[in-house]
Amino acid sequence: MATSTPIASAALTGFSLSSAYDTHRPSYPPHIVEHLLSNANLLGKAGAHIIDLGAGTGKFTELLAAREEGYVVRAADPHPDMRRVLEEKKLKGVDVFARGADEKVPDWESWADGVIVAQAFHWFSTPQAIAAIHSHLRPNGTLSLIWNVEDYNQFPSHTCLTTWESHLRDLLWGVQDGLPRYRNSLWQKPLSETELFETPYHETIFPQATWVKDGKEGLWRRIGTLSYVRALETSGGEEWREFRRKFDEILGMEGVRWGDDGEVEIHLITHVVWTRRVD
């Protein structure tokens, strides 16, 4: 099924290595998943209908499919490479669709008890997409958003827990492509101003620390799954080589914590947002 929603060229390029994205991007801790589902009135709701919008390779979809509630899930994403990885997982109770966030579809109208957007809402936080999401939901249905955001991928005023992660954040902030990102906070305004969902929206932020396997090279591969970094890589040239040189320099700084098996510790948050449809 084709989608009428155009995909930014940087997103097409940036997410083309979909298998690497699926391998190196983190999943979501069980207690945070339950927090989201509870606030969305989906926890323990057997057979609930859920739309996983901007599902990508299915990092969150697979968590929904594995739960005891037996959710009926429609996972939608317009990116063909990301969607291929998701389809290959053959998740129980999940149908996969080539569909954009701003598409109103008659057979989706009032179908969902909840819409969940994991790691993607910043790409389509527009009045048109919010109206489409509203149309997908049953009365009293909920919209839930979740992001894993490493300190190095935060906005400039964020206080990083280590100096080296602050330097890495500054290096990454220097890579700009003009597209909407979580880190520039542009996604907040349309959600705050809509009359289709309860405002102000609710949110919880969970600080975390985690270990990245394979140390510096593992972190390099993880950063390479960021679409704007992937776009820089494909451009090649001196700018890319200088980016790698500065990355190596930062990982050589004091304060980097290494594990016994060479893994490196990083800090991140998981940001959960939820609101309810206004009828």
# chains A, B, ... in the order shown; residues from 1 in each chain; ligands from 1
call {"tool": "residues_around", "arguments": {"residues": "Leu37 of chain A", "least_positions_apart": "2", "cutoff": "10 Å", "atoms": "only C-alpha atoms", "output": "NGL selection string"}}
result
:A and (31-35 or 39-45 or 64 or 114 or 116 or 142 or 144 or 274)
call {"tool": "select_by_dssp", "arguments": {"residues": "segment 71-199 of chain A", "states": "strand (DSSP E or B)", "output": "JSON, numbers by chain"}}
result
{"A": [72, 73, 74, 75, 76, 94, 95, 96, 97, 112, 113, 114, 115, 116, 117, 118, 137, 138, 139, 140, 141, 142, 143, 144, 145, 146, 147, 148, 149, 150, 197]}
call {"tool": "write_last_selection", "arguments": {"atoms": "C-alpha atoms", "output": "mmCIF file, in the first residue's frame"}}
result
data_model
loop_
_atom_site.group_PDB
_atom_site.id
_atom_site.type_symbol
_atom_site.label_atom_id
_atom_site.label_comp_id
_atom_site.auth_asym_id
_atom_site.auth_seq_id
_atom_site.Cartn_x
_atom_site.Cartn_y
_atom_site.Cartn_z
ATOM 1 C CA VAL A 72 -4.771 -5.550 18.316
ATOM 2 C CA VAL A 73 -2.144 -3.278 16.786
ATOM 3 C CA ARG A 74 -1.998 -1.321 13.557
ATOM 4 C CA ALA A 75 1.606 -0.249 13.040
ATOM 5 C CA ALA A 76 2.056 2.509 10.467
ATOM 6 C CA VAL A 94 0.195 -6.619 14.458
ATOM 7 C CA ASP A 95 -0.789 -5.447 10.983
ATOM 8 C CA VAL A 96 1.699 -3.172 9.227
ATOM 9 C CA PHE A 97 0.651 -0.263 7.020
ATOM 10 C CA ALA A 112 -8.347 2.993 18.314
ATOM 11 C CA ASP A 113 -8.494 3.029 22.082
ATOM 12 C CA GLY A 114 -5.045 4.594 22.033
ATOM 13 C CA VAL A 115 -2.481 6.009 19.628
ATOM 14 C CA ILE A 116 1.165 5.607 20.631
ATOM 15 C CA VAL A 117 4.065 7.395 18.965
ATOM 16 C CA ALA A 118 7.521 6.167 19.941
ATOM 17 C CA LEU A 137 -9.434 7.555 18.306
ATOM 18 C CA ARG A 138 -12.616 6.415 19.940
ATOM 19 C CA PRO A 139 -14.272 8.822 22.407
ATOM 20 C CA ASN A 140 -12.085 9.212 25.496
ATOM 21 C CA GLY A 141 -9.143 7.694 23.594
ATOM 22 C CA THR A 142 -5.590 8.679 24.419
ATOM 23 C CA LEU A 143 -2.497 9.887 22.600
ATOM 24 C CA SER A 144 0.809 8.807 24.162
ATOM 25 C CA LEU A 145 4.328 9.812 23.132
ATOM 26 C CA ILE A 146 7.635 8.350 24.244
ATOM 27 C CA TRP A 147 11.273 9.141 23.483
ATOM 28 C CA ASN A 148 14.613 7.803 24.616
ATOM 29 C CA VAL A 149 16.929 10.827 24.524
ATOM 30 C CA GLU A 150 20.622 10.526 25.298
ATOM 31 C CA PHE A 197 -6.800 17.080 22.990
#
call {"tool": "atom_distance", "arguments": {"atom1": "atom CA of Ile51 of chain A", "atom2": "atom CA of Pro30 of chain A"}}
result
19.4 Å
call {"tool": "atom_distance", "arguments": {"atom1": "atom CA of Val273 of chain A", "atom2": "atom CA of Val212 of chain A"}}
result
26.0 Å
call {"tool": "atom_distance", "arguments": {"atom1": "atom CA of Glu249 of chain A", "atom2": "atom CA of Asn184 of chain A"}}
result
25.8 Å
call {"tool": "select_by_dssp", "arguments": {"residues": "segment 2-108 of chain A", "states": "helix (DSSP H, G or I)", "output": "tab-separated table (two decimals) with all heavy atoms, in the first residue's frame"}}
result
chain	number	residue	atom	x	y	z
A	9	SER	N	13.88	14.02	2.37
A	9	SER	CA	15.00	13.27	1.78
A	9	SER	C	16.02	12.89	2.83
A	9	SER	O	16.62	11.81	2.77
A	9	SER	CB	15.65	14.11	0.68
A	9	SER	OG	16.13	15.34	1.19
A	10	ALA	N	16.23	13.77	3.83
A	10	ALA	CA	17.18	13.45	4.90
A	10	ALA	C	16.69	12.27	5.72
A	10	ALA	O	17.50	11.47	6.21
A	10	ALA	CB	17.39	14.67	5.80
A	11	ALA	N	15.38	12.14	5.87
A	11	ALA	CA	14.84	10.98	6.60
A	11	ALA	C	14.99	9.71	5.78
A	11	ALA	O	15.31	8.64	6.32
A	11	ALA	CB	13.38	11.23	6.95
A	12	LEU	N	14.74	9.82	4.47
A	12	LEU	CA	14.92	8.66	3.61
A	12	LEU	C	16.36	8.15	3.68
A	12	LEU	O	16.62	6.96	3.80
A	12	LEU	CB	14.56	9.01	2.17
A	12	LEU	CG	13.08	8.96	1.79
A	12	LEU	CD1	12.86	9.56	0.41
A	12	LEU	CD2	12.55	7.55	1.87
A	13	THR	N	17.31	9.09	3.60
A	13	THR	CA	18.72	8.73	3.68
A	13	THR	C	19.10	8.30	5.08
A	13	THR	O	19.76	7.28	5.29
A	13	THR	CB	19.60	9.92	3.25
A	13	THR	OG1	19.25	10.29	1.91
A	13	THR	CG2	21.07	9.56	3.33
A	14	GLY	N	18.67	9.10	6.07
A	14	GLY	CA	19.10	8.88	7.44
A	14	GLY	C	18.64	7.57	8.04
A	14	GLY	O	19.31	7.00	8.89
A	18	SER	N	18.20	0.63	8.11
A	18	SER	CA	17.17	0.32	9.09
A	18	SER	C	17.58	-0.82	10.03
A	18	SER	O	17.21	-0.83	11.20
A	18	SER	CB	15.86	-0.02	8.39
A	18	SER	OG	16.07	-1.00	7.39
A	19	SER	N	18.33	-1.79	9.52
A	19	SER	CA	18.75	-2.89	10.39
A	19	SER	C	19.71	-2.40	11.46
A	19	SER	O	19.67	-2.88	12.60
A	19	SER	CB	19.40	-4.00	9.55
A	19	SER	OG	20.51	-3.51	8.83
A	20	ALA	N	20.57	-1.43	11.12
A	20	ALA	CA	21.47	-0.85	12.11
A	20	ALA	C	20.69	-0.08	13.15
A	20	ALA	O	20.98	-0.13	14.35
A	20	ALA	CB	22.50	0.06	11.43
A	21	TYR	N	19.66	0.64	12.71
A	21	TYR	CA	18.78	1.36	13.63
A	21	TYR	C	18.17	0.39	14.64
A	21	TYR	O	18.17	0.62	15.84
A	21	TYR	CB	17.69	2.08	12.84
A	21	TYR	CG	16.73	2.89	13.68
A	21	TYR	CD1	16.86	4.28	13.76
A	21	TYR	CD2	15.69	2.28	14.38
A	21	TYR	CE1	15.98	5.03	14.52
A	21	TYR	CE2	14.81	3.03	15.14
A	21	TYR	CZ	14.95	4.40	15.20
A	21	TYR	OH	14.08	5.14	15.97
A	22	ASP	N	17.66	-0.71	14.12
A	22	ASP	CA	16.98	-1.68	14.99
A	22	ASP	C	17.96	-2.32	15.97
A	22	ASP	O	17.60	-2.63	17.11
A	22	ASP	CB	16.32	-2.75	14.13
A	22	ASP	CG	15.29	-3.54	14.90
A	22	ASP	OD1	14.33	-2.93	15.41
A	22	ASP	OD2	15.42	-4.77	14.99
A	23	THR	N	19.20	-2.51	15.54
A	23	THR	CA	20.21	-3.15	16.40
A	23	THR	C	20.73	-2.21	17.47
A	23	THR	O	20.87	-2.61	18.64
A	23	THR	CB	21.39	-3.64	15.54
A	23	THR	OG1	20.92	-4.61	14.61
A	23	THR	CG2	22.48	-4.25	16.41
A	24	HIS	N	20.99	-0.96	17.13
A	24	HIS	CA	21.74	-0.08	18.02
A	24	HIS	C	20.87	0.91	18.81
A	24	HIS	O	21.36	1.48	19.79
A	24	HIS	CB	22.80	0.67	17.23
A	24	HIS	CG	23.82	-0.23	16.59
A	24	HIS	ND1	24.67	-1.02	17.34
A	24	HIS	CD2	24.09	-0.49	15.29
A	24	HIS	CE1	25.44	-1.71	16.52
A	24	HIS	NE2	25.11	-1.42	15.28
A	30	PRO	N	10.68	-1.93	31.07
A	30	PRO	CA	9.31	-2.41	31.33
A	30	PRO	C	8.50	-1.50	32.25
A	30	PRO	O	7.30	-1.28	32.00
A	30	PRO	CB	9.54	-3.78	31.98
A	30	PRO	CG	10.86	-4.23	31.43
A	30	PRO	CD	11.68	-2.99	31.30
A	31	HIS	N	9.12	-0.94	33.30
A	31	HIS	CA	8.34	-0.10	34.22
A	31	HIS	C	7.88	1.20	33.56
A	31	HIS	O	6.83	1.74	33.91
A	31	HIS	CB	9.14	0.19	35.50
A	31	HIS	CG	10.30	1.12	35.33
A	31	HIS	ND1	11.49	0.74	34.74
A	31	HIS	CD2	10.45	2.43	35.67
A	31	HIS	CE1	12.32	1.76	34.73
A	31	HIS	NE2	11.72	2.79	35.28
A	32	ILE	N	8.64	1.67	32.58
A	32	ILE	CA	8.24	2.89	31.87
A	32	ILE	C	7.14	2.56	30.87
A	32	ILE	O	6.20	3.34	30.69
A	32	ILE	CB	9.46	3.53	31.18
A	32	ILE	CG1	10.50	3.92	32.24
A	32	ILE	CG2	9.04	4.76	30.37
A	32	ILE	CD1	11.76	4.56	31.68
A	33	VAL	N	7.23	1.41	30.23
A	33	VAL	CA	6.16	0.97	29.33
A	33	VAL	C	4.85	0.85	30.10
A	33	VAL	O	3.79	1.31	29.64
A	33	VAL	CB	6.53	-0.36	28.66
A	33	VAL	CG1	5.34	-0.90	27.84
A	33	VAL	CG2	7.75	-0.20	27.76
A	34	GLU	N	4.89	0.27	31.28
A	34	GLU	CA	3.68	0.12	32.08
A	34	GLU	C	3.15	1.48	32.53
A	34	GLU	O	1.94	1.68	32.62
A	34	GLU	CB	3.95	-0.79	33.28
A	34	GLU	CG	4.29	-2.22	32.88
A	34	GLU	CD	3.59	-3.27	33.72
A	34	GLU	OE1	3.12	-2.92	34.82
A	34	GLU	OE2	3.50	-4.43	33.26
A	35	HIS	N	4.05	2.41	32.83
A	35	HIS	CA	3.64	3.77	33.19
A	35	HIS	C	2.86	4.41	32.04
A	35	HIS	O	1.80	5.00	32.25
A	35	HIS	CB	4.88	4.59	33.54
A	35	HIS	CG	4.61	6.04	33.82
A	35	HIS	ND1	4.18	6.49	35.04
A	35	HIS	CD2	4.72	7.14	33.02
A	35	HIS	CE1	4.03	7.81	34.99
A	35	HIS	NE2	4.34	8.23	33.77
A	36	LEU	N	3.37	4.26	30.84
A	36	LEU	CA	2.69	4.82	29.67
A	36	LEU	C	1.33	4.15	29.48
A	36	LEU	O	0.30	4.84	29.30
A	36	LEU	CB	3.56	4.63	28.42
A	36	LEU	CG	3.03	5.17	27.09
A	36	LEU	CD1	4.19	5.53	26.16
A	36	LEU	CD2	2.12	4.16	26.37
A	37	LEU	N	1.29	2.83	29.51
A	37	LEU	CA	0.04	2.12	29.27
A	37	LEU	C	-0.99	2.41	30.34
A	37	LEU	O	-2.20	2.52	30.06
A	37	LEU	CB	0.31	0.62	29.19
A	37	LEU	CG	1.16	0.15	28.01
A	37	LEU	CD1	1.47	-1.34	28.14
A	37	LEU	CD2	0.47	0.44	26.68
A	38	SER	N	-0.55	2.57	31.58
A	38	SER	CA	-1.47	2.87	32.67
A	38	SER	C	-2.12	4.24	32.46
A	38	SER	O	-3.34	4.39	32.59
A	38	SER	CB	-0.73	2.83	34.00
A	38	SER	OG	-1.59	3.20	35.07
A	39	ASN	N	-1.32	5.24	32.12
A	39	ASN	CA	-1.87	6.58	31.92
A	39	ASN	C	-2.69	6.69	30.65
A	39	ASN	O	-3.52	7.60	30.51
A	39	ASN	CB	-0.73	7.61	31.92
A	39	ASN	CG	-0.21	7.87	33.32
A	39	ASN	OD1	-0.89	8.44	34.16
A	39	ASN	ND2	1.02	7.43	33.58
A	61	THR	N	6.61	-1.47	19.03
A	61	THR	CA	5.57	-2.41	18.58
A	61	THR	C	5.79	-3.80	19.16
A	61	THR	O	4.84	-4.46	19.58
A	61	THR	CB	5.57	-2.51	17.04
A	61	THR	OG1	5.83	-1.23	16.46
A	61	THR	CG2	4.25	-3.04	16.53
A	62	GLU	N	7.04	-4.25	19.17
A	62	GLU	CA	7.32	-5.59	19.65
A	62	GLU	C	7.03	-5.73	21.15
A	62	GLU	O	6.66	-6.81	21.62
A	62	GLU	CB	8.76	-6.00	19.34
A	62	GLU	CG	9.82	-5.10	19.91
A	62	GLU	CD	11.19	-5.36	19.26
A	62	GLU	OE1	11.25	-6.14	18.29
A	62	GLU	OE2	12.18	-4.76	19.74
A	63	LEU	N	7.12	-4.64	21.90
A	63	LEU	CA	6.77	-4.67	23.32
A	63	LEU	C	5.26	-4.81	23.49
A	63	LEU	O	4.79	-5.52	24.39
A	63	LEU	CB	7.28	-3.40	24.01
A	63	LEU	CG	8.79	-3.14	23.92
A	63	LEU	CD1	9.15	-1.84	24.64
A	63	LEU	CD2	9.58	-4.30	24.51
A	64	LEU	N	4.51	-4.13	22.64
A	64	LEU	CA	3.05	-4.26	22.68
A	64	LEU	C	2.62	-5.68	22.30
A	64	LEU	O	1.74	-6.27	22.94
A	64	LEU	CB	2.41	-3.26	21.72
A	64	LEU	CG	2.57	-1.77	22.05
A	64	LEU	CD1	2.00	-0.93	20.91
A	64	LEU	CD2	1.89	-1.42	23.37
A	65	ALA	N	3.26	-6.24	21.27
A	65	ALA	CA	2.89	-7.57	20.78
A	65	ALA	C	3.18	-8.65	21.81
A	65	ALA	O	2.51	-9.70	21.81
A	65	ALA	CB	3.62	-7.86	19.48
A	80	PRO	N	9.93	2.91	3.68
A	80	PRO	CA	9.92	1.50	3.23
A	80	PRO	C	10.97	0.62	3.89
A	80	PRO	O	10.70	-0.55	4.19
A	80	PRO	CB	10.16	1.61	1.72
A	80	PRO	CG	10.79	2.96	1.52
A	80	PRO	CD	10.22	3.84	2.58
A	81	ASP	N	12.17	1.15	4.14
A	81	ASP	CA	13.22	0.33	4.74
A	81	ASP	C	12.93	0.02	6.21
A	81	ASP	O	13.13	-1.11	6.67
A	81	ASP	CB	14.58	1.03	4.61
A	81	ASP	CG	15.02	1.16	3.17
A	81	ASP	OD1	14.82	0.20	2.40
A	81	ASP	OD2	15.55	2.22	2.80
A	82	MET	N	12.45	1.02	6.94
A	82	MET	CA	12.09	0.79	8.33
A	82	MET	C	10.94	-0.21	8.42
A	82	MET	O	10.94	-1.13	9.23
A	82	MET	CB	11.69	2.11	8.99
A	82	MET	CG	12.76	3.19	8.96
A	82	MET	SD	14.10	2.90	10.13
A	82	MET	CE	13.41	3.70	11.58
A	83	ARG	N	9.97	-0.02	7.55
A	83	ARG	CA	8.78	-0.88	7.58
A	83	ARG	C	9.14	-2.32	7.22
A	83	ARG	O	8.55	-3.27	7.76
A	83	ARG	CB	7.75	-0.31	6.60
A	83	ARG	CG	6.34	-0.78	6.83
A	83	ARG	CD	5.35	-0.01	5.99
A	83	ARG	NE	5.63	-0.08	4.56
A	83	ARG	CZ	6.07	0.93	3.83
A	83	ARG	NH1	6.29	2.11	4.38
A	83	ARG	NH2	6.30	0.78	2.53
A	84	ARG	N	10.10	-2.51	6.34
A	84	ARG	CA	10.51	-3.87	5.95
A	84	ARG	C	11.03	-4.64	7.16
A	84	ARG	O	10.70	-5.82	7.36
A	84	ARG	CB	11.59	-3.80	4.87
A	84	ARG	CG	12.20	-5.16	4.51
A	84	ARG	CD	13.31	-5.00	3.49
A	84	ARG	NE	14.29	-4.01	3.90
A	84	ARG	CZ	15.26	-4.24	4.80
A	84	ARG	NH1	15.34	-5.41	5.40
A	84	ARG	NH2	16.13	-3.30	5.09
A	85	VAL	N	11.86	-3.98	7.99
A	85	VAL	CA	12.38	-4.64	9.19
A	85	VAL	C	11.24	-5.02	10.13
A	85	VAL	O	11.21	-6.12	10.69
A	85	VAL	CB	13.40	-3.73	9.91
A	85	VAL	CG1	13.84	-4.35	11.24
A	85	VAL	CG2	14.62	-3.49	9.02
A	86	LEU	N	10.28	-4.12	10.28
A	86	LEU	CA	9.12	-4.39	11.13
A	86	LEU	C	8.32	-5.58	10.58
A	86	LEU	O	7.94	-6.48	11.33
A	86	LEU	CB	8.24	-3.14	11.22
A	86	LEU	CG	6.87	-3.29	11.88
A	86	LEU	CD1	7.00	-3.87	13.28
A	86	LEU	CD2	6.17	-1.94	11.91
A	87	GLU	N	8.08	-5.60	9.30
A	87	GLU	CA	7.29	-6.69	8.71
A	87	GLU	C	7.98	-8.03	8.87
A	87	GLU	O	7.31	-9.06	9.09
A	87	GLU	CB	7.05	-6.39	7.23
A	87	GLU	CG	6.09	-5.24	6.98
A	87	GLU	CD	6.02	-4.82	5.52
A	87	GLU	OE1	7.01	-5.06	4.78
A	87	GLU	OE2	4.99	-4.26	5.13
A	88	GLU	N	9.30	-8.03	8.80
A	88	GLU	CA	10.05	-9.29	8.92
A	88	GLU	C	9.96	-9.89	10.33
A	88	GLU	O	10.20	-11.09	10.51
A	88	GLU	CB	11.51	-9.05	8.54
A	88	GLU	CG	11.71	-8.83	7.04
A	88	GLU	CD	13.13	-8.43	6.69
A	88	GLU	OE1	13.93	-8.19	7.63
A	88	GLU	OE2	13.45	-8.36	5.49
A	89	LYS	N	9.59	-9.09	11.31
A	89	LYS	CA	9.46	-9.60	12.68
A	89	LYS	C	8.20	-10.44	12.86
A	89	LYS	O	8.12	-11.23	13.80
A	89	LYS	CB	9.45	-8.43	13.67
A	89	LYS	CG	10.78	-7.69	13.75
A	89	LYS	CD	10.74	-6.54	14.74
A	89	LYS	CE	12.09	-5.85	14.82
A	89	LYS	NZ	12.10	-4.71	15.76
A	106	PRO	N	-10.93	6.46	6.21
A	106	PRO	CA	-12.28	6.11	6.69
A	106	PRO	C	-12.32	4.86	7.56
A	106	PRO	O	-13.00	4.85	8.60
A	106	PRO	CB	-13.08	5.93	5.39
A	106	PRO	CG	-12.39	6.82	4.41
A	106	PRO	CD	-10.94	6.74	4.75
A	107	ASP	N	-11.60	3.80	7.17
A	107	ASP	CA	-11.71	2.57	7.95
A	107	ASP	C	-10.88	2.60	9.23
A	107	ASP	O	-10.87	1.64	9.99
A	107	ASP	CB	-11.36	1.34	7.10
A	107	ASP	CG	-9.92	1.36	6.60
A	107	ASP	OD1	-9.26	2.41	6.69
A	107	ASP	OD2	-9.45	0.31	6.14
A	108	TRP	N	-10.18	3.71	9.48
A	108	TRP	CA	-9.47	3.90	10.76
A	108	TRP	C	-10.25	4.83	11.69
A	108	TRP	O	-9.86	5.00	12.85
A	108	TRP	CB	-8.08	4.47	10.52
A	108	TRP	CG	-7.10	3.47	9.98
A	108	TRP	CD1	-7.33	2.47	9.09
A	108	TRP	CD2	-5.70	3.39	10.29
A	108	TRP	NE1	-6.19	1.76	8.82
A	108	TRP	CE2	-5.17	2.32	9.54
A	108	TRP	CE3	-4.85	4.13	11.10
A	108	TRP	CZ2	-3.82	1.96	9.61
A	108	TRP	CZ3	-3.50	3.78	11.17
A	108	TRP	CH2	-3.01	2.70	10.43
call {"tool": "residues_around", "arguments": {"residues": "Asp77 of chain A", "least_positions_apart": "2", "cutoff": "7 Å", "atoms": "only C-alpha atoms", "output": "list in words"}}
result
Leu53, Gly54, Ala55, Gly56, Ala75, His79, Arg83, Phe97, Ala98, Arg99 and Gly100 of chain A
